[in-house]
Amino acid sequence: MKDKFHLKIISGTANRKLAEEVSRVMKVPLTPVEIKRFSDGEIYCRVLESVRGCDVYIIQPTSSDASLNLMQLLVMVDALKRSSPERVTAVIPYFGYARQDKKTKAREPITAKLVANMIQVAGVDRVIMFDLHVAQVQGFFDIPSDNLDMIPQFAEYILSKKLGEIVMVSPDAGGAARARTFAKVLNAPIAIIDKRRPEPNVAQVENVIGDVKGRTAVIVDDIIDTAGSITEAAKILVEHGAKEVYALATHGVLSGQSVERIAKSHLKEVIITNTIEIPKEKLMPKFRVLSVGPLLAEDIRRTHEGLPMGVVYEEMYRKLEKKVKK
Ligand code: R5P
């Protein structure tokens, strides 16, 4: 790899396993960093190696505890920026607060924008993220950003299951574009669930738009949080005659009773990624976790070497298309 010695990867504490995987794939050791909490909860951080003139990548999803992990990221960026690196890239595989991207009622904040401001003010030169809740959140940053996705890997996995006649399902109107992309890639029809949110974290499912009868339904979402959306969707899909129901989502937030809910649901399998580190006790047999590590490593390598990433996706889609046609 060109200029390997000037590339540094640093991990926060939010998803060390993913950072270790990226480090293994890239054959670049993690730069040691000391991260501690004072007894009052304040965060302390010191980078234990010189980063002068280096191209530094900090891997830190702002998953639960979102505010704490965000603050840790900011403190790490500050420690780095005072140590003369060439460039600092924040790799935020899961961007917490992304769902607060607009005002829906008077006197509400747009917290996703606030978080983007904070990251920029801290001195980050570039951000790498995965499957943002809505792609427009990229526009909250005035620095270069990558919004990677795992569509080819998910699609490949679904193909490998040989599910027969499938229908891609969006659990709400907001996710229709995502489901449509999958449907196009897999040459399948789509259906949309009419979901309402009477209050935050409560999913009320009203109807299914589209024909799911006799097909295997694959629900596509960005986040599984309380799992209300996917379990309620699975229920109504079965009521409308779906043969089996699978769900896939990039980010396994898995809060509250989500795991128990999935266990008791009609869902046959739930496919997620490791943008968020999932504790072992939550990983029940219904889950299948795909790793974002290799793709992230490739993006970091290409960013470091000033190479485009679009060609990687083009190649993945070309291969996929051949498999779908078979
Ligand atoms: C909502 O717009 C998102 O795309 C997800 O559908 C939502 O965050 C999932 O949340 P939950 O699992 O709590 O229903």
# chains A, B, ... in the order shown; residues from 1 in each chain; ligands from 1
$ closest_atom_pairs --of "region 93-122 of chain A" --to "region 147-154 of chain A" --cutoff "12 Å" --atoms "only C-alpha atoms" --output "JSON lines"
{"residue": "A:Pro93", "atom": "CA", "partner": "A:Leu148", "partner_atom": "CA", "distance": 8.8}
{"residue": "A:Tyr94", "atom": "CA", "partner": "A:Asn147", "partner_atom": "CA", "distance": 10.5}
{"residue": "A:Phe95", "atom": "CA", "partner": "A:Asn147", "partner_atom": "CA", "distance": 10.4}
$ residues_near_ligand --ligand "ligand 1" --cutoff "8 Å" --atoms "only C-alpha atoms and all ligand atoms" --output "PyMOL selection string"
chain A and resi 99+133+171-172+174-175+201-203+221-230+253-255+258
$ closest_atom_pairs --of "region 234-324 of chain A" --to "region 54-70 of chain A" --cutoff "9 Å" --atoms "only C-alpha atoms" --output "CSV"
residue,atom,partner,partner_atom,distance
A:Val253,CA,A:Ser63,CA,7.3
A:Ser255,CA,A:Ser64,CA,8.8
A:Thr275,CA,A:Pro61,CA,7.0
A:Ile276,CA,A:Ser63,CA,6.5
A:Glu277,CA,A:Ser63,CA,8.8
A:Ile300,CA,A:Tyr57,CA,7.8
A:His304,CA,A:Asp55,CA,7.0
$ write_last_selection --atoms "N, CA, C and O atoms" --output "mmCIF file, in the first residue's frame"
data_model
loop_
_atom_site.group_PDB
_atom_site.id
_atom_site.type_symbol
_atom_site.label_atom_id
_atom_site.label_comp_id
_atom_site.auth_asym_id
_atom_site.auth_seq_id
_atom_site.Cartn_x
_atom_site.Cartn_y
_atom_site.Cartn_z
ATOM 1 N N VAL A 253 -29.560 -1.640 16.372
ATOM 2 C CA VAL A 253 -29.550 -0.855 17.624
ATOM 3 C C VAL A 253 -30.037 -1.743 18.772
ATOM 4 O O VAL A 253 -29.470 -1.733 19.870
ATOM 5 N N SER A 255 -32.579 -2.064 21.023
ATOM 6 C CA SER A 255 -32.804 -1.544 22.378
ATOM 7 C C SER A 255 -33.994 -2.255 23.036
ATOM 8 O O SER A 255 -34.739 -2.992 22.379
ATOM 9 N N THR A 275 -22.032 -2.649 12.204
ATOM 10 C CA THR A 275 -21.727 -1.220 12.379
ATOM 11 C C THR A 275 -21.799 -0.876 13.862
ATOM 12 O O THR A 275 -21.112 0.018 14.338
ATOM 13 N N ILE A 276 -22.680 -1.584 14.558
ATOM 14 C CA ILE A 276 -22.791 -1.456 16.019
ATOM 15 C C ILE A 276 -22.363 -2.797 16.601
ATOM 16 O O ILE A 276 -22.773 -3.842 16.090
ATOM 17 N N GLU A 277 -21.543 -2.764 17.642
ATOM 18 C CA GLU A 277 -21.136 -4.033 18.253
ATOM 19 C C GLU A 277 -22.317 -4.613 19.030
ATOM 20 O O GLU A 277 -22.890 -3.959 19.900
ATOM 21 N N ILE A 300 -11.293 3.004 3.288
ATOM 22 C CA ILE A 300 -10.204 3.735 3.966
ATOM 23 C C ILE A 300 -8.957 3.709 3.071
ATOM 24 O O ILE A 300 -8.301 4.724 2.852
ATOM 25 N N HIS A 304 -7.284 7.005 1.453
ATOM 26 C CA HIS A 304 -5.877 7.302 1.736
ATOM 27 C C HIS A 304 -5.075 7.479 0.450
ATOM 28 O O HIS A 304 -4.221 8.355 0.345
#
$ atom_distance --atom1 "CA of Asn207 (chain A)" --atom2 "CA of Arg178 (chain A)"
19.1 Å
$ closest_residue --among "A:Ile262, A:Ile219, A:Ser160, A:Leu74" --to "Ala176 (chain A)" --atoms "only C-alpha atoms"
A:Ile219
$ closest_residue --among "A:Ser23, A:Thr13, A:Ser265, A:Ser50" --to "Gly293 (chain A)" --atoms "only C-alpha atoms"
A:Ser23
$ residues_around --residues "Ala155 (chain A)" --least-positions-apart "2" --cutoff "8 Å" --atoms "only C-alpha atoms" --output "list of chain:residue names"
A:Ile151, A:Pro152, A:Gln153, A:Tyr157, A:Ile158, A:Leu159, A:Phe182, A:Val185, A:Leu186, A:Leu320
$ write_last_selection --atoms "all heavy atoms" --output "PDB file, in the first residue's frame"
ATOM      1  N   ILE A 151     -25.776  -2.847   0.333  1.00  0.00           N
ATOM      2  CA  ILE A 151     -26.812  -3.432  -0.539  1.00  0.00           C
ATOM      3  C   ILE A 151     -26.278  -4.650  -1.314  1.00  0.00           C
ATOM      4  O   ILE A 151     -26.910  -5.710  -1.300  1.00  0.00           O
ATOM      5  CB  ILE A 151     -27.413  -2.360  -1.483  1.00  0.00           C
ATOM      6  CG1 ILE A 151     -28.154  -1.306  -0.659  1.00  0.00           C
ATOM      7  CG2 ILE A 151     -28.370  -2.995  -2.512  1.00  0.00           C
ATOM      8  CD1 ILE A 151     -28.641  -0.094  -1.443  1.00  0.00           C
ATOM      9  N   PRO A 152     -25.120  -4.572  -1.974  1.00  0.00           N
ATOM     10  CA  PRO A 152     -24.658  -5.750  -2.723  1.00  0.00           C
ATOM     11  C   PRO A 152     -24.444  -6.981  -1.833  1.00  0.00           C
ATOM     12  O   PRO A 152     -24.806  -8.097  -2.222  1.00  0.00           O
ATOM     13  CB  PRO A 152     -23.326  -5.290  -3.337  1.00  0.00           C
ATOM     14  CG  PRO A 152     -23.392  -3.802  -3.329  1.00  0.00           C
ATOM     15  CD  PRO A 152     -24.206  -3.421  -2.141  1.00  0.00           C
ATOM     16  N   GLN A 153     -23.907  -6.743  -0.620  1.00  0.00           N
ATOM     17  CA  GLN A 153     -23.648  -7.888   0.278  1.00  0.00           C
ATOM     18  C   GLN A 153     -24.962  -8.494   0.785  1.00  0.00           C
ATOM     19  O   GLN A 153     -25.113  -9.723   0.840  1.00  0.00           O
ATOM     20  CB  GLN A 153     -22.794  -7.453   1.479  1.00  0.00           C
ATOM     21  CG  GLN A 153     -21.350  -7.141   1.155  1.00  0.00           C
ATOM     22  CD  GLN A 153     -21.150  -5.765   0.516  1.00  0.00           C
ATOM     23  OE1 GLN A 153     -22.092  -5.031   0.235  1.00  0.00           O
ATOM     24  NE2 GLN A 153     -19.898  -5.422   0.271  1.00  0.00           N
ATOM     25  N   TYR A 157     -26.452 -12.229  -0.119  1.00  0.00           N
ATOM     26  CA  TYR A 157     -26.853 -13.168   0.923  1.00  0.00           C
ATOM     27  C   TYR A 157     -28.271 -13.690   0.659  1.00  0.00           C
ATOM     28  O   TYR A 157     -28.525 -14.897   0.753  1.00  0.00           O
ATOM     29  CB  TYR A 157     -26.766 -12.509   2.314  1.00  0.00           C
ATOM     30  CG  TYR A 157     -27.155 -13.463   3.411  1.00  0.00           C
ATOM     31  CD1 TYR A 157     -26.300 -14.497   3.784  1.00  0.00           C
ATOM     32  CD2 TYR A 157     -28.393 -13.371   4.037  1.00  0.00           C
ATOM     33  CE1 TYR A 157     -26.671 -15.405   4.762  1.00  0.00           C
ATOM     34  CE2 TYR A 157     -28.772 -14.271   5.011  1.00  0.00           C
ATOM     35  CZ  TYR A 157     -27.908 -15.291   5.372  1.00  0.00           C
ATOM     36  OH  TYR A 157     -28.279 -16.193   6.337  1.00  0.00           O
ATOM     37  N   ILE A 158     -29.170 -12.770   0.296  1.00  0.00           N
ATOM     38  CA  ILE A 158     -30.560 -13.176   0.018  1.00  0.00           C
ATOM     39  C   ILE A 158     -30.579 -14.169  -1.153  1.00  0.00           C
ATOM     40  O   ILE A 158     -31.258 -15.199  -1.109  1.00  0.00           O
ATOM     41  CB  ILE A 158     -31.440 -11.931  -0.274  1.00  0.00           C
ATOM     42  CG1 ILE A 158     -31.588 -11.066   0.982  1.00  0.00           C
ATOM     43  CG2 ILE A 158     -32.818 -12.311  -0.844  1.00  0.00           C
ATOM     44  CD1 ILE A 158     -32.329 -11.718   2.138  1.00  0.00           C
ATOM     45  N   LEU A 159     -29.773 -13.879  -2.183  1.00  0.00           N
ATOM     46  CA  LEU A 159     -29.700 -14.804  -3.332  1.00  0.00           C
ATOM     47  C   LEU A 159     -29.230 -16.182  -2.896  1.00  0.00           C
ATOM     48  O   LEU A 159     -29.762 -17.204  -3.330  1.00  0.00           O
ATOM     49  CB  LEU A 159     -28.711 -14.266  -4.367  1.00  0.00           C
ATOM     50  CG  LEU A 159     -29.212 -13.251  -5.381  1.00  0.00           C
ATOM     51  CD1 LEU A 159     -28.083 -12.876  -6.324  1.00  0.00           C
ATOM     52  CD2 LEU A 159     -30.404 -13.802  -6.173  1.00  0.00           C
ATOM     53  N   PHE A 182     -33.344  -2.337  -3.590  1.00  0.00           N
ATOM     54  CA  PHE A 182     -33.146  -3.790  -3.436  1.00  0.00           C
ATOM     55  C   PHE A 182     -33.972  -4.548  -4.479  1.00  0.00           C
ATOM     56  O   PHE A 182     -33.502  -5.528  -5.058  1.00  0.00           O
ATOM     57  CB  PHE A 182     -33.574  -4.236  -2.037  1.00  0.00           C
ATOM     58  CG  PHE A 182     -32.467  -4.153  -1.017  1.00  0.00           C
ATOM     59  CD1 PHE A 182     -32.358  -3.057  -0.193  1.00  0.00           C
ATOM     60  CD2 PHE A 182     -31.541  -5.167  -0.894  1.00  0.00           C
ATOM     61  CE1 PHE A 182     -31.344  -2.969   0.744  1.00  0.00           C
ATOM     62  CE2 PHE A 182     -30.517  -5.104   0.035  1.00  0.00           C
ATOM     63  CZ  PHE A 182     -30.421  -3.988   0.858  1.00  0.00           C
ATOM     64  N   VAL A 185     -32.284  -4.442  -7.805  1.00  0.00           N
ATOM     65  CA  VAL A 185     -31.087  -5.300  -7.833  1.00  0.00           C
ATOM     66  C   VAL A 185     -31.479  -6.781  -7.913  1.00  0.00           C
ATOM     67  O   VAL A 185     -30.867  -7.559  -8.634  1.00  0.00           O
ATOM     68  CB  VAL A 185     -30.221  -5.037  -6.570  1.00  0.00           C
ATOM     69  CG1 VAL A 185     -29.106  -6.050  -6.451  1.00  0.00           C
ATOM     70  CG2 VAL A 185     -29.662  -3.629  -6.586  1.00  0.00           C
ATOM     71  N   LEU A 186     -32.505  -7.150  -7.158  1.00  0.00           N
ATOM     72  CA  LEU A 186     -32.878  -8.573  -7.090  1.00  0.00           C
ATOM     73  C   LEU A 186     -34.001  -8.944  -8.061  1.00  0.00           C
ATOM     74  O   LEU A 186     -34.487 -10.074  -8.046  1.00  0.00           O
ATOM     75  CB  LEU A 186     -33.294  -8.926  -5.660  1.00  0.00           C
ATOM     76  CG  LEU A 186     -32.147  -8.947  -4.647  1.00  0.00           C
ATOM     77  CD1 LEU A 186     -32.671  -9.000  -3.234  1.00  0.00           C
ATOM     78  CD2 LEU A 186     -31.203 -10.125  -4.899  1.00  0.00           C
ATOM     79  N   LEU A 320     -23.183  -9.166  -9.239  1.00  0.00           N
ATOM     80  CA  LEU A 320     -24.499  -9.502  -8.723  1.00  0.00           C
ATOM     81  C   LEU A 320     -25.505  -9.715  -9.856  1.00  0.00           C
ATOM     82  O   LEU A 320     -26.299 -10.661  -9.834  1.00  0.00           O
ATOM     83  CB  LEU A 320     -24.956  -8.344  -7.825  1.00  0.00           C
ATOM     84  CG  LEU A 320     -25.999  -8.621  -6.773  1.00  0.00           C
ATOM     85  CD1 LEU A 320     -25.563  -9.756  -5.846  1.00  0.00           C
ATOM     86  CD2 LEU A 320     -26.224  -7.355  -5.947  1.00  0.00           C
TER      87      LEU A 320
END
$ select_by_dssp --residues "region 66-224 of chain A" --states "alpha helix (DSSP H)" --output "PyMOL selection string"
chain A and resi 66-81+111-122+151-160+176-186
$ select_by_dssp --residues "region 56-279 of chain A" --states "strand (DSSP E or B)" --output "PyMOL selection string"
chain A and resi 56-59+87-92+126-130+145-148+166-170+190-196+204-209+216-224+244-252+267-273
$ atom_distance --atom1 "CA of Tyr313 (chain A)" --atom2 "CA of Val22 (chain A)"
18.6 Å
$ residues_around --residues "Arg196 (chain A)" --least-positions-apart "6" --cutoff "8 Å" --atoms "only C-alpha atoms" --output "number ranges by chain"
A: 203-206
$ closest_residue --among "A:Val77, A:Ala14, A:Ala122, A:Ile166" --to "Gly96 (chain A)" --atoms "only C-alpha atoms"
A:Ala14
$ residues_around --residues "Asn187 (chain A)" --least-positions-apart "5" --cutoff "10 Å" --atoms "only C-alpha atoms" --output "number ranges by chain"
A: 166-168, 180-182, 321, 324-325
$ closest_residue --among "A:Leu132, A:Glu42, A:Leu267, A:Lys213" --to "Lys235 (chain A)" --atoms "only C-alpha atoms"
A:Leu267
$ residues_around --residues "Arg24 (chain A)" --least-positions-apart "6" --cutoff "10 Å" --atoms "only C-alpha atoms" --output "PDB file with N, CA and C atoms, in the first residue's frame"
ATOM      1  N   LEU A  18     -14.754  -4.116  15.465  1.00  0.00           N
ATOM      2  CA  LEU A  18     -14.773  -3.722  14.057  1.00  0.00           C
ATOM      3  C   LEU A  18     -13.446  -3.057  13.688  1.00  0.00           C
ATOM      4  N   LEU A  30      -3.483  -0.961  14.981  1.00  0.00           N
ATOM      5  CA  LEU A  30      -4.214   0.159  15.589  1.00  0.00           C
ATOM      6  C   LEU A  30      -3.234   1.025  16.383  1.00  0.00           C
ATOM      7  N   GLY A 293     -16.585  -4.773   7.759  1.00  0.00           N
ATOM      8  CA  GLY A 293     -15.133  -4.586   7.857  1.00  0.00           C
ATOM      9  C   GLY A 293     -14.400  -4.529   6.521  1.00  0.00           C
ATOM     10  N   PRO A 294     -14.571  -5.530   5.636  1.00  0.00           N
ATOM     11  CA  PRO A 294     -13.818  -5.516   4.377  1.00  0.00           C
ATOM     12  C   PRO A 294     -14.124  -4.291   3.510  1.00  0.00           C
ATOM     13  N   ALA A 297     -12.563  -1.233   5.123  1.00  0.00           N
ATOM     14  CA  ALA A 297     -11.106  -1.254   4.901  1.00  0.00           C
ATOM     15  C   ALA A 297     -10.786  -0.770   3.480  1.00  0.00           C
TER      16      ALA A 297
END
$ closest_residue --among "A:Glu260, A:Glu305, A:Asp125, A:Glu298" --to "Met284 (chain A)" --atoms "only C-alpha atoms"
A:Glu260
$ residues_around --residues "Asn274 (chain A)" --least-positions-apart "5" --cutoff "7 Å" --atoms "only C-alpha atoms" --output "list in words"
Val289, Leu290, Ser291 and Val292 of chain A
$ decode --residues "region 123-156 of chain A" --atoms "N, CA and C atoms" --output "PDB file, in the first residue's frame"
ATOM      1  N   GLY A 123     -12.885  19.658  14.264  1.00  0.00           N
ATOM      2  CA  GLY A 123     -11.735  19.670  13.346  1.00  0.00           C
ATOM      3  C   GLY A 123     -11.639  18.488  12.404  1.00  0.00           C
ATOM      4  N   VAL A 124     -12.718  17.693  12.316  1.00  0.00           N
ATOM      5  CA  VAL A 124     -12.700  16.538  11.402  1.00  0.00           C
ATOM      6  C   VAL A 124     -12.671  17.050   9.956  1.00  0.00           C
ATOM      7  N   ASP A 125     -11.818  16.420   9.128  1.00  0.00           N
ATOM      8  CA  ASP A 125     -11.688  16.857   7.732  1.00  0.00           C
ATOM      9  C   ASP A 125     -12.596  16.085   6.795  1.00  0.00           C
ATOM     10  N   ARG A 126     -13.020  14.895   7.244  1.00  0.00           N
ATOM     11  CA  ARG A 126     -13.777  14.018   6.351  1.00  0.00           C
ATOM     12  C   ARG A 126     -14.544  13.009   7.191  1.00  0.00           C
ATOM     13  N   VAL A 127     -15.721  12.586   6.716  1.00  0.00           N
ATOM     14  CA  VAL A 127     -16.465  11.556   7.463  1.00  0.00           C
ATOM     15  C   VAL A 127     -16.800  10.369   6.559  1.00  0.00           C
ATOM     16  N   ILE A 128     -16.789   9.199   7.163  1.00  0.00           N
ATOM     17  CA  ILE A 128     -17.210   7.980   6.467  1.00  0.00           C
ATOM     18  C   ILE A 128     -18.344   7.377   7.304  1.00  0.00           C
ATOM     19  N   MET A 129     -19.484   7.155   6.689  1.00  0.00           N
ATOM     20  CA  MET A 129     -20.638   6.625   7.426  1.00  0.00           C
ATOM     21  C   MET A 129     -21.271   5.477   6.623  1.00  0.00           C
ATOM     22  N   PHE A 130     -22.216   4.807   7.238  1.00  0.00           N
ATOM     23  CA  PHE A 130     -22.925   3.707   6.560  1.00  0.00           C
ATOM     24  C   PHE A 130     -24.424   3.951   6.601  1.00  0.00           C
ATOM     25  N   ASP A 131     -25.078   3.739   5.469  1.00  0.00           N
ATOM     26  CA  ASP A 131     -26.533   3.728   5.361  1.00  0.00           C
ATOM     27  C   ASP A 131     -27.196   4.727   6.317  1.00  0.00           C
ATOM     28  N   LEU A 132     -26.978   6.004   6.028  1.00  0.00           N
ATOM     29  CA  LEU A 132     -27.605   7.059   6.831  1.00  0.00           C
ATOM     30  C   LEU A 132     -29.113   6.917   6.765  1.00  0.00           C
ATOM     31  N   HIS A 133     -29.780   7.252   7.824  1.00  0.00           N
ATOM     32  CA  HIS A 133     -31.242   7.126   7.868  1.00  0.00           C
ATOM     33  C   HIS A 133     -31.865   7.766   6.621  1.00  0.00           C
ATOM     34  N   VAL A 134     -31.418   8.964   6.301  1.00  0.00           N
ATOM     35  CA  VAL A 134     -31.754   9.556   4.995  1.00  0.00           C
ATOM     36  C   VAL A 134     -30.456  10.142   4.441  1.00  0.00           C
ATOM     37  N   ALA A 135     -30.243   9.926   3.151  1.00  0.00           N
ATOM     38  CA  ALA A 135     -28.953  10.314   2.554  1.00  0.00           C
ATOM     39  C   ALA A 135     -28.706  11.815   2.662  1.00  0.00           C
ATOM     40  N   GLN A 136     -29.782  12.606   2.785  1.00  0.00           N
ATOM     41  CA  GLN A 136     -29.634  14.062   2.856  1.00  0.00           C
ATOM     42  C   GLN A 136     -28.816  14.512   4.063  1.00  0.00           C
ATOM     43  N   VAL A 137     -28.703  13.659   5.081  1.00  0.00           N
ATOM     44  CA  VAL A 137     -27.914  14.034   6.269  1.00  0.00           C
ATOM     45  C   VAL A 137     -26.468  14.352   5.873  1.00  0.00           C
ATOM     46  N   GLN A 138     -26.019  13.757   4.767  1.00  0.00           N
ATOM     47  CA  GLN A 138     -24.673  14.093   4.258  1.00  0.00           C
ATOM     48  C   GLN A 138     -24.531  15.599   4.032  1.00  0.00           C
ATOM     49  N   GLY A 139     -25.637  16.220   3.636  1.00  0.00           N
ATOM     50  CA  GLY A 139     -25.631  17.657   3.357  1.00  0.00           C
ATOM     51  C   GLY A 139     -25.491  18.504   4.612  1.00  0.00           C
ATOM     52  N   PHE A 140     -25.616  17.889   5.792  1.00  0.00           N
ATOM     53  CA  PHE A 140     -25.417  18.637   7.040  1.00  0.00           C
ATOM     54  C   PHE A 140     -23.933  18.904   7.271  1.00  0.00           C
ATOM     55  N   PHE A 141     -23.103  18.185   6.529  1.00  0.00           N
ATOM     56  CA  PHE A 141     -21.642  18.368   6.633  1.00  0.00           C
ATOM     57  C   PHE A 141     -21.163  19.237   5.474  1.00  0.00           C
ATOM     58  N   ASP A 142     -20.228  20.143   5.754  1.00  0.00           N
ATOM     59  CA  ASP A 142     -19.617  20.922   4.665  1.00  0.00           C
ATOM     60  C   ASP A 142     -18.217  20.403   4.371  1.00  0.00           C
ATOM     61  N   ILE A 143     -17.971  19.165   4.724  1.00  0.00           N
ATOM     62  CA  ILE A 143     -16.691  18.511   4.432  1.00  0.00           C
ATOM     63  C   ILE A 143     -17.018  17.253   3.616  1.00  0.00           C
ATOM     64  N   PRO A 144     -16.032  16.664   2.929  1.00  0.00           N
ATOM     65  CA  PRO A 144     -16.350  15.452   2.147  1.00  0.00           C
ATOM     66  C   PRO A 144     -16.892  14.338   3.031  1.00  0.00           C
ATOM     67  N   SER A 145     -17.859  13.606   2.507  1.00  0.00           N
ATOM     68  CA  SER A 145     -18.424  12.495   3.286  1.00  0.00           C
ATOM     69  C   SER A 145     -18.718  11.315   2.373  1.00  0.00           C
ATOM     70  N   ASP A 146     -18.564  10.125   2.913  1.00  0.00           N
ATOM     71  CA  ASP A 146     -18.957   8.900   2.215  1.00  0.00           C
ATOM     72  C   ASP A 146     -20.134   8.308   2.971  1.00  0.00           C
ATOM     73  N   ASN A 147     -21.168   7.912   2.239  1.00  0.00           N
ATOM     74  CA  ASN A 147     -22.294   7.205   2.847  1.00  0.00           C
ATOM     75  C   ASN A 147     -22.317   5.817   2.208  1.00  0.00           C
ATOM     76  N   LEU A 148     -21.565   4.901   2.801  1.00  0.00           N
ATOM     77  CA  LEU A 148     -21.452   3.555   2.211  1.00  0.00           C
ATOM     78  C   LEU A 148     -22.716   2.746   2.499  1.00  0.00           C
ATOM     79  N   ASP A 149     -22.940   1.728   1.690  1.00  0.00           N
ATOM     80  CA  ASP A 149     -24.057   0.837   2.007  1.00  0.00           C
ATOM     81  C   ASP A 149     -23.643  -0.596   1.734  1.00  0.00           C
ATOM     82  N   MET A 150     -24.439  -1.513   2.255  1.00  0.00           N
ATOM     83  CA  MET A 150     -24.144  -2.949   2.134  1.00  0.00           C
ATOM     84  C   MET A 150     -25.150  -3.623   1.210  1.00  0.00           C
ATOM     85  N   ILE A 151     -25.776  -2.847   0.333  1.00  0.00           N
ATOM     86  CA  ILE A 151     -26.812  -3.432  -0.539  1.00  0.00           C
ATOM     87  C   ILE A 151     -26.278  -4.650  -1.314  1.00  0.00           C
ATOM     88  N   PRO A 152     -25.120  -4.572  -1.974  1.00  0.00           N
ATOM     89  CA  PRO A 152     -24.658  -5.750  -2.723  1.00  0.00           C
ATOM     90  C   PRO A 152     -24.444  -6.981  -1.833  1.00  0.00           C
ATOM     91  N   GLN A 153     -23.907  -6.743  -0.620  1.00  0.00           N
ATOM     92  CA  GLN A 153     -23.648  -7.888   0.278  1.00  0.00           C
ATOM     93  C   GLN A 153     -24.962  -8.494   0.785  1.00  0.00           C
ATOM     94  N   PHE A 154     -25.904  -7.627   1.145  1.00  0.00           N
ATOM     95  CA  PHE A 154     -27.217  -8.138   1.582  1.00  0.00           C
ATOM     96  C   PHE A 154     -27.888  -8.894   0.441  1.00  0.00           C
ATOM     97  N   ALA A 155     -27.852  -8.307  -0.752  1.00  0.00           N
ATOM     98  CA  ALA A 155     -28.525  -8.917  -1.908  1.00  0.00           C
ATOM     99  C   ALA A 155     -27.909 -10.283  -2.207  1.00  0.00           C
ATOM    100  N   GLU A 156     -26.588 -10.334  -2.148  1.00  0.00           N
ATOM    101  CA  GLU A 156     -25.887 -11.594  -2.387  1.00  0.00           C
ATOM    102  C   GLU A 156     -26.317 -12.655  -1.370  1.00  0.00           C
TER     103      GLU A 156
END
